[in-house]
$ cat work_16.pdb   # PDB, C-alpha atoms
ATOM      1  CA  PRO A1319      37.334  23.278 -18.597
ATOM      2  CA  MET A1320      37.189  22.609 -14.875
ATOM      3  CA  LEU A1321      33.961  22.863 -12.916
ATOM      4  CA  LEU A1322      33.600  24.799  -9.675
ATOM      5  CA  PRO A1323      30.603  25.424  -7.424
ATOM      6  CA  GLN A1324      29.280  28.957  -7.864
ATOM      7  CA  ALA A1325      30.120  29.596  -4.186
ATOM      8  CA  MET A1326      33.826  29.153  -5.018
ATOM      9  CA  ASN A1327      33.712  31.826  -7.706
ATOM     10  CA  SER A1328      34.955  34.432  -5.245
ATOM     11  CA  ARG A1329      38.194  32.449  -4.928
ATOM     12  CA  LEU A1330      38.938  32.974  -8.614
ATOM     13  CA  ALA A1331      40.799  36.055  -9.740
ATOM     14  CA  PRO A1332      38.402  38.524 -11.405
ATOM     15  CA  GLN A1333      40.175  38.049 -14.732
ATOM     16  CA  SER A1334      39.784  34.236 -14.728
ATOM     17  CA  VAL A1335      38.109  32.848 -17.823
ATOM     18  CA  SER A1336      34.841  31.321 -16.597
ATOM     19  CA  ARG A1337      31.076  31.209 -17.173
ATOM     20  CA  PRO A1338      28.023  29.487 -15.682
ATOM     21  CA  LEU A1339      27.400  25.991 -17.022
ATOM     22  CA  PRO A1340      24.285  26.000 -19.259
ATOM     23  CA  GLY A1341      21.381  24.436 -17.374
ATOM     24  CA  LEU A1342      23.377  24.313 -14.129
ATOM     25  CA  PRO A1343      23.837  27.940 -12.985
ATOM     26  CA  PHE A1344      25.175  26.776  -9.604
ATOM     27  CA  ILE A1345      28.267  25.402 -11.365
ATOM     28  CA  ARG A1346      30.806  27.517 -13.200
ATOM     29  CA  THR A1347      32.996  26.324 -16.012
ATOM     30  CA  THR A1348      36.458  27.759 -15.677
ATOM     31  CA  LEU A1349      39.342  27.429 -18.075
ATOM     32  CA  SER A1350      42.319  25.822 -16.415
ATOM     33  CA  VAL A1351      45.552  24.031 -17.145
ATOM     34  CA  ASP A1352      45.968  20.888 -15.056
ATOM     35  CA  THR A1353      49.524  19.591 -14.740
ATOM     36  CA  PRO A1354      50.899  16.762 -12.600
ATOM     37  CA  THR A1355      52.004  19.238  -9.935
ATOM     38  CA  THR A1356      49.549  22.138 -10.040
ATOM     39  CA  LEU A1357      46.388  23.589 -11.511
ATOM     40  CA  VAL A1358      46.432  27.054 -13.048
ATOM     41  CA  HIS A1359      43.269  29.022 -13.826
ATOM     42  CA  VAL A1360      43.662  30.741 -17.174
ATOM     43  CA  SER A1361      43.526  34.516 -17.016
ATOM     44  CA  SER A1362      41.829  36.604 -19.686
ATOM     45  CA  ARG A1363      45.141  38.493 -19.879
ATOM     46  CA  MET A1364      46.714  35.354 -21.432
ATOM     47  CA  LEU A1365      44.191  35.097 -24.252
ATOM     48  CA  PRO A1366      45.394  37.977 -26.479
ATOM     49  CA  VAL A1367      48.744  36.184 -26.697
ATOM     50  CA  TRP A1368      46.860  33.069 -27.816
ATOM     51  CA  GLY A1369      44.744  35.107 -30.264
ATOM     52  CA  ILE A1370      41.417  33.866 -28.903
ATOM     53  CA  SER A1371      38.465  35.361 -27.006
ATOM     54  CA  PRO A1372      37.274  34.008 -23.627
ATOM     55  CA  GLU A1373      34.099  32.560 -25.232
ATOM     56  CA  GLN A1374      36.112  30.917 -28.006
ATOM     57  CA  ALA A1375      38.532  29.435 -25.468
ATOM     58  CA  LEU A1376      35.705  28.011 -23.338
ATOM     59  CA  ASP A1377      33.898  26.679 -26.434
ATOM     60  CA  LEU A1378      37.098  25.012 -27.634
ATOM     61  CA  ALA A1379      37.726  23.471 -24.200
ATOM     62  CA  ALA A1380      34.132  22.131 -24.134
ATOM     63  CA  ALA A1381      34.606  20.652 -27.626
ATOM     64  CA  ASN A1382      37.796  18.968 -26.433
ATOM     65  CA  VAL A1383      35.948  17.431 -23.469
ATOM     66  CA  ARG A1384      33.167  16.203 -25.786
ATOM     67  CA  ALA A1385      35.726  14.540 -28.075
ATOM     68  CA  LEU A1386      37.597  12.937 -25.178
ATOM     69  CA  ALA A1387      34.360  11.728 -23.558
ATOM     70  CA  ALA A1388      33.224  10.241 -26.884
ATOM     71  CA  SER A1389      36.477   8.286 -27.126
ATOM     72  CA  ASP A1390      36.169   7.033 -23.530
ATOM     73  CA  PRO A1391      32.469   6.466 -22.780
ATOM     74  CA  LEU A1392      31.064   5.868 -19.325
ATOM     75  CA  GLN A1393      31.288   2.236 -18.247
ATOM     76  CA  PRO A1394      28.299   0.199 -17.009
ATOM     77  CA  MET A1395      28.754  -1.364 -13.580
ATOM     78  CA  GLN A1396      26.426  -3.692 -11.688
ATOM     79  CA  VAL A1397      26.111  -2.683  -8.045
ATOM     80  CA  GLU A1398      24.485  -5.213  -5.732
ATOM     81  CA  GLY A1399      21.222  -3.911  -4.330
ATOM     82  CA  VAL A1400      21.284  -0.896  -6.661
ATOM     83  CA  GLY A1401      21.394  -2.099 -10.261
ATOM     84  CA  THR A1402      23.265  -0.647 -13.211
ATOM     85  CA  ILE A1403      25.164   2.579 -12.801
ATOM     86  CA  TRP A1404      27.401   4.208 -15.361
ATOM     87  CA  ALA A1405      30.695   5.615 -14.179
ATOM     88  CA  SER A1406      34.002   6.949 -15.284
ATOM     89  CA  ARG A1407      36.832   4.567 -14.560
ATOM     90  CA  GLU A1408      38.701   5.109 -11.314
ATOM     91  CA  ALA A1409      42.030   3.637 -12.424
ATOM     92  CA  GLY A1410      44.172   3.495 -15.527
ATOM     93  CA  ASP A1411      45.062   5.970 -18.201
ATOM     94  CA  HIS A1412      42.098   7.520 -19.922
ATOM     95  CA  PRO A1413      41.549  10.879 -21.603
ATOM     96  CA  LEU A1414      39.726  12.776 -18.856
ATOM     97  CA  ALA A1415      41.772  11.499 -15.928
ATOM     98  CA  GLY A1416      41.276  13.887 -13.039
ATOM     99  CA  LEU A1417      38.501  15.982 -14.567
ATOM    100  CA  GLU A1418      35.662  13.467 -15.084
ATOM    101  CA  ALA A1419      33.015  15.922 -13.860
ATOM    102  CA  SER A1420      33.791  18.026 -16.948
ATOM    103  CA  ARG A1421      31.687  15.526 -18.915
ATOM    104  CA  VAL A1422      28.611  17.484 -17.781
ATOM    105  CA  VAL A1423      29.450  20.178 -20.347
ATOM    106  CA  ASP A1424      27.430  17.909 -22.677
ATOM    107  CA  LEU A1425      24.498  16.390 -20.814
ATOM    108  CA  ALA A1426      23.030  15.036 -24.071
ATOM    109  CA  GLN A1427      26.196  13.013 -24.616
ATOM    110  CA  ILE A1428      25.898  11.483 -21.146
ATOM    111  CA  SER A1429      22.245  10.578 -21.761
ATOM    112  CA  SER A1430      23.214   8.969 -25.055
ATOM    113  CA  GLN A1431      26.133   7.027 -23.567
ATOM    114  CA  VAL A1432      23.948   5.492 -20.848
ATOM    115  CA  GLY A1433      21.251   4.512 -23.352
ATOM    116  CA  ALA A1434      18.467   6.757 -22.050
ATOM    117  CA  GLN A1435      15.388   6.750 -24.264
ATOM    118  CA  PRO A1436      13.319   9.909 -24.903
ATOM    119  CA  GLY A1437      11.464  10.826 -21.731
ATOM    120  CA  GLN A1438      13.715   8.757 -19.457
ATOM    121  CA  PRO A1439      15.433  10.770 -16.724
ATOM    122  CA  VAL A1440      19.131  10.286 -16.062
ATOM    123  CA  ALA A1441      20.395  10.987 -12.545
ATOM    124  CA  ILE A1442      23.933  12.339 -12.489
ATOM    125  CA  ILE A1443      26.147  12.883  -9.482
ATOM    126  CA  VAL A1444      29.441  14.771  -9.566
ATOM    127  CA  PRO A1445      30.536  14.917  -5.926
ATOM    128  CA  ARG A1446      34.092  15.913  -6.858
ATOM    129  CA  ARG A1447      35.822  17.063 -10.013
ATOM    130  CA  ASP A1448      37.321  13.614 -10.703
ATOM    131  CA  SER A1449      34.091  11.607 -10.342
ATOM    132  CA  LEU A1450      30.874  11.179 -12.297
ATOM    133  CA  VAL A1451      28.153   8.531 -11.869
ATOM    134  CA  ALA A1452      24.925   8.290 -13.872
ATOM    135  CA  MET A1453      21.821   6.116 -13.614
ATOM    136  CA  VAL A1454      18.864   5.807 -15.977
ATOM    137  CA  SER A1455      15.345   6.161 -14.515
ATOM    138  CA  PRO A1456      16.309   5.824 -10.866
ATOM    139  CA  SER A1457      13.691   4.840  -8.301
ATOM    140  CA  PRO A1458      13.281   6.996  -5.170
ATOM    141  CA  ARG A1459      15.429   4.447  -3.268
ATOM    142  CA  GLU A1460      18.141   4.540  -5.953
ATOM    143  CA  LEU A1461      18.142   8.354  -5.907
ATOM    144  CA  TRP A1462      18.580   8.244  -2.136
ATOM    145  CA  LEU A1463      21.494   5.783  -2.507
ATOM    146  CA  LEU A1464      23.105   8.024  -5.128
ATOM    147  CA  GLN A1465      22.738  11.062  -2.886
ATOM    148  CA  THR A1466      24.112   9.163   0.114
ATOM    149  CA  PHE A1467      27.134   8.142  -1.959
ATOM    150  CA  ALA A1468      27.555  11.701  -3.279
ATOM    151  CA  GLU A1469      27.390  13.195   0.210
ATOM    152  CA  HIS A1470      30.048  10.768   1.453
ATOM    153  CA  GLU A1471      32.337  11.446  -1.525
ATOM    154  CA  PHE A1472      31.718  15.203  -1.260
ATOM    155  CA  SER A1473      32.618  15.283   2.454
ATOM    156  CA  GLU A1474      35.931  13.508   1.832
ATOM    157  CA  ALA A1475      36.860  15.187  -1.456
ATOM    158  CA  LYS A1476      39.907  17.335  -1.899
ATOM    159  CA  HIS A1477      38.000  19.132  -4.663
ATOM    160  CA  PRO A1478      34.244  18.880  -3.812
ATOM    161  CA  LEU A1479      31.675  19.838  -6.415
ATOM    162  CA  LEU A1480      28.022  18.813  -5.775
ATOM    163  CA  HIS A1481      26.555  16.788  -2.914
ATOM    164  CA  TYR A1482      23.191  16.045  -4.545
ATOM    165  CA  PRO A1483      22.061  14.461  -7.826
ATOM    166  CA  ILE A1484      20.810  16.348 -10.830
ATOM    167  CA  LEU A1485      18.197  14.912 -13.194
ATOM    168  CA  VAL A1486      18.383  15.347 -16.964
ATOM    169  CA  THR A1487      15.305  14.526 -19.040
ATOM    170  CA  ASP A1488      15.384  15.333 -22.753
ATOM    171  CA  GLY A1489      17.820  18.188 -22.114
ATOM    172  CA  GLU A1490      15.885  19.671 -19.190
ATOM    173  CA  VAL A1491      17.985  19.877 -16.028
ATOM    174  CA  ARG A1492      16.730  20.005 -12.453
ATOM    175  CA  VAL A1493      17.978  19.182  -8.997
ATOM    176  CA  ALA A1494      16.620  15.834  -7.800
ATOM    177  CA  VAL A1495      14.199  15.823  -4.886
ATOM    178  CA  VAL A1496      15.449  12.974  -2.721
ATOM    179  CA  GLN A1497      13.214  11.430  -0.090
ATOM    180  CA  GLN A1498      14.651   9.838   3.041
ATOM    181  CA  GLN A1499      14.575   6.044   2.784
ATOM    182  CA  GLU A1500      14.604   3.297   5.372
ATOM    183  CA  GLN A1501      18.085   1.884   5.881
TER
END
$ encode --input "work_16.pdb" --output "structure tokens"
Amino acid sequence: PMLLPQAMNSRLAPQSVSRPLPGLPFIRTTLSVDTPTTLVHVSSRMLPVWGISPEQALDLAAANVRALAASDPLQPMQVEGVGTIWASREAGDHPLAGLEASRVVDLAQISSQVGAQPGQPVAIIVPRRDSLVAMVSPSPRELWLLQTFAEHEFSEAKHPLLHYPILVTDGEVRVAVVQQQEQ
């Protein structure tokens, strides 16, 4: 699946296979085929040929992302002045190349990969479809730094997604309230 902001839904053909992402209604999951030269949104008219329903196709795509993400977990990185963040790799061949934001189809898997304990919030930013960064129990300053980074990435992205962090705590999802910090 590929993720799109809800506001972009009008750009999809009405017969595109898509649905809101559970817990994140402002993001839609859409079924797409990503090739080296183009991206094609799958039409519900294609599915009878494949012998599968739209829900089954989206469930299968989500299962594929879960399996790929499990085989290529997020990597811890030390960032000076920030601490430990967890990120998808920017370079090299890895299973979700180009669609890293799709990892949010399983927020529990992300929380597990970053070592969050019960009750610990995980901040996740997905400023573009090929980027995902997570941080366990961020301070207000760290949340502000994550949002600042997300806003910069979002503004320069060819395929922008979200310009603010989301917080996941024991499966509950909410948009982070970020307070302005001193520079």
$ resolve_selection --input "work_16.pdb" --expression "the PyMOL selection byres ((chain A and resi 1489) around 10)" --output "ChimeraX atom specification"
/A:1341,1424-1426,1429,1436-1437,1439,1485-1488,1490-1492
$ resolve_selection --input "work_16.pdb" --expression "the PyMOL selection byres ((chain A and resi 1468) around 12)" --output "PyMOL selection string"
chain A and resi 1441-1447+1449-1452+1461-1467+1469-1475+1478-1484
$ atom_distance --input "work_16.pdb" --atom1 "CA of Leu1386 (chain A)" --atom2 "CA of Ser1430 (chain A)"
14.9 Å
$ resolve_selection --input "work_16.pdb" --expression "the PyMOL selection byres ((chain A and resi 1375) around 10)" --output "list of chain:residue names"
A:Pro1319, A:Val1335, A:Ser1336, A:Leu1349, A:Val1360, A:Ser1362, A:Leu1365, A:Trp1368, A:Gly1369, A:Ile1370, A:Ser1371, A:Pro1372, A:Glu1373, A:Gln1374, A:Leu1376, A:Asp1377, A:Leu1378, A:Ala1379, A:Ala1380, A:Ala1381
$ closest_residue --input "work_16.pdb" --among "A:Met1364, A:His1359, A:Asp1448, A:Ser1334" --to "Leu1417 (chain A)" --atoms "only C-alpha atoms"
A:Asp1448
$ closest_residue --input "work_16.pdb" --among "A:Arg1363, A:Pro1391, A:Gly1416, A:Ser1350" --to "Lys1476 (chain A)" --atoms "all atoms listed in the file"
A:Gly1416
